Amino acid sequence: NLLLMPDFNQRLTVLETLKFIDADRVVQLKGRVACEINSCESVIVTELVFENVLTPLDVPEVVALLSVLINQDKASQRDVNEDAFNLTPPLRTAYEHLKALTASFANLQMQCGLQVAPDEYAHQILNPSMIEVAYEWARGMPFRDICALTEIPEGSVVRVITRLDETCKEVRNAARVVGDSALFTKMEQCSTAIKRDIVFASSLYIS
């Protein structure tokens, strides 16, 4: 469709600027890494990997940070007071880094001619309402206590945790592409930490 060509070329300009492709539109290492990420915004996660944001964090902190990218429960996003979050200093620093990356990506898209409103884009991509829940779950808190920690419906909590496992595996595969053995091991540990309890119990009705 010729009507979509300007948009297509603008997106290519964004990818070339970020070095996901080169001037000949050949996929580079960043692009190969982004191809491993399907459960959330692949460009943002790729930048997290290449800027070494995840590796210095411990397992619960990594899980908590990734939850911000995959929590799609918009109802829980209303009236979120980020200052009230009880985050470890490394996690808060990483979260601020994530917000800065998202804002930078949104601004770049706008500069390249795409119809992107930075504030709206950040609101669409990032939802920190379960950051503490994900952190405590990865630390081993029982599901009953997790539900007492938040007003988010149990079903939404379960969906985010199960998607987190998928995302952790994708980032693990991305780490393999990059050759980052430390991040690969950490993401395996993340997946092990969250894959437990009733959230991952076999269904009584389906197999």
# chains A, B, ... in the order shown; residues from 1 in each chain; ligands from 1

call {"tool": "select_by_dssp", "arguments": {"residues": "segment 2-190 of chain A", "states": "alpha helix (DSSP H)", "output": "JSON, numbers by chain"}}
result
{"A": [5, 6, 7, 8, 9, 10, 11, 12, 13, 14, 15, 16, 17, 29, 30, 31, 32, 33, 34, 42, 43, 44, 45, 46, 47, 48, 49, 50, 59, 60, 61, 62, 63, 64, 65, 66, 67, 68, 69, 70, 89, 90, 91, 92, 93, 94, 95, 96, 97, 98, 99, 100, 101, 102, 103, 104, 105, 106, 107, 108, 109, 110, 111, 118, 119, 120, 121, 122, 123, 124, 125, 131, 132, 133, 134, 135, 136, 137, 138, 143, 144, 145, 146, 147, 148, 149, 154, 155, 156, 157, 158, 159, 160, 161, 162, 163, 164, 165, 166, 167, 168, 169, 170, 171, 172, 173, 174, 175, 176, 177, 178, 181, 182, 183, 184, 185, 186, 187, 188, 189, 190]}

call {"tool": "residues_around", "arguments": {"residues": "Phe20 of chain A", "least_positions_apart": "5", "cutoff": "7 Å", "atoms": "only C-alpha atoms", "output": "VMD selection string"}}
result
chain A and resid 15 27 to 31

call {"tool": "write_last_selection", "arguments": {"atoms": "N, CA and C atoms", "output": "PDB file, in the first residue's frame"}}
result
ATOM      1  N   LEU A  15      14.799   2.978  13.225  1.00  0.00           N
ATOM      2  CA  LEU A  15      15.610   1.782  13.461  1.00  0.00           C
ATOM      3  C   LEU A  15      17.066   1.998  13.059  1.00  0.00           C
ATOM      4  N   VAL A  27      19.812  -6.055   8.882  1.00  0.00           N
ATOM      5  CA  VAL A  27      19.573  -6.172  10.324  1.00  0.00           C
ATOM      6  C   VAL A  27      20.900  -6.335  11.066  1.00  0.00           C
ATOM      7  N   GLN A  28      21.091  -5.521  12.086  1.00  0.00           N
ATOM      8  CA  GLN A  28      22.298  -5.575  12.907  1.00  0.00           C
ATOM      9  C   GLN A  28      22.025  -6.363  14.189  1.00  0.00           C
ATOM     10  N   LEU A  29      23.030  -6.428  15.076  1.00  0.00           N
ATOM     11  CA  LEU A  29      22.909  -7.233  16.298  1.00  0.00           C
ATOM     12  C   LEU A  29      21.713  -6.787  17.137  1.00  0.00           C
ATOM     13  N   LYS A  30      21.533  -5.479  17.270  1.00  0.00           N
ATOM     14  CA  LYS A  30      20.378  -4.992  18.037  1.00  0.00           C
ATOM     15  C   LYS A  30      19.074  -5.498  17.435  1.00  0.00           C
ATOM     16  N   GLY A  31      18.997  -5.498  16.132  1.00  0.00           N
ATOM     17  CA  GLY A  31      17.798  -5.977  15.466  1.00  0.00           C
ATOM     18  C   GLY A  31      17.552  -7.453  15.710  1.00  0.00           C
TER      19      GLY A  31
END

call {"tool": "residues_around", "arguments": {"residues": "segment 47-54 of chain A", "least_positions_apart": "4", "cutoff": "10 Å", "atoms": "only C-alpha atoms", "output": "VMD selection string"}}
result
chain A and resid 18 30 33 to 34 42 to 43 58 to 59 61 to 63 65 to 66 90 to 91 93 to 95 97 to 98 101 to 102 105 171 174 to 175 178 180 183 186 to 187

call {"tool": "closest_residue", "arguments": {"among": "A:Val160, A:Ile21, A:Val133, A:Cys190", "to": "Arg172 of chain A", "atoms": "only C-alpha atoms"}}
result
A:Cys190

call {"tool": "residues_around", "arguments": {"residues": "segment 112-123 of chain A", "least_positions_apart": "6", "cutoff": "7 Å", "atoms": "only C-alpha atoms", "output": "list in words"}}
result
Asp7, Gln10, Thr13, Val14, Thr102, Ala103 and Ala106 of chain A

call {"tool": "closest_residue", "arguments": {"among": "A:Ala148, A:Pro6, A:Cys40, A:Glu136", "to": "Gln124 of chain A", "atoms": "only C-alpha atoms"}}
result
A:Cys40

call {"tool": "atom_distance", "arguments": {"atom1": "atom CA of Lys169 of chain A", "atom2": "atom CA of Glu188 of chain A"}}
result
7.1 Å

call {"tool": "closest_residue", "arguments": {"among": "A:Thr55, A:Asn127, A:Ser39, A:Gln109", "to": "Glu82 of chain A", "atoms": "only C-alpha atoms"}}
result
A:Asn127

call {"tool": "residues_around", "arguments": {"residues": "Arg159 of chain A", "least_positions_apart": "5", "cutoff": "9 Å", "atoms": "only C-alpha atoms", "output": "number ranges by chain"}}
result
A: 71, 154, 164, 199

call {"tool": "write_last_selection", "arguments": {"atoms": "C-alpha atoms", "output": "short mmCIF file (atom, residue, chain, number, x, y, z; two decimals), in the first residue's frame"}}
result
data_model
loop_
_atom_site.label_atom_id
_atom_site.label_comp_id
_atom_site.auth_asym_id
_atom_site.auth_seq_id
_atom_site.Cartn_x
_atom_site.Cartn_y
_atom_site.Cartn_z
CA ASN A 71 1.21 -5.04 32.81
CA GLU A 154 -6.38 -11.79 41.21
CA LEU A 164 6.53 -12.35 33.07
CA VAL A 199 -0.23 -19.38 39.49
#

call {"tool": "closest_residue", "arguments": {"among": "A:Asp73, A:Ala134, A:Glu41, A:Pro142", "to": "Asp165 of chain A", "atoms": "only C-alpha atoms"}}
result
A:Ala134
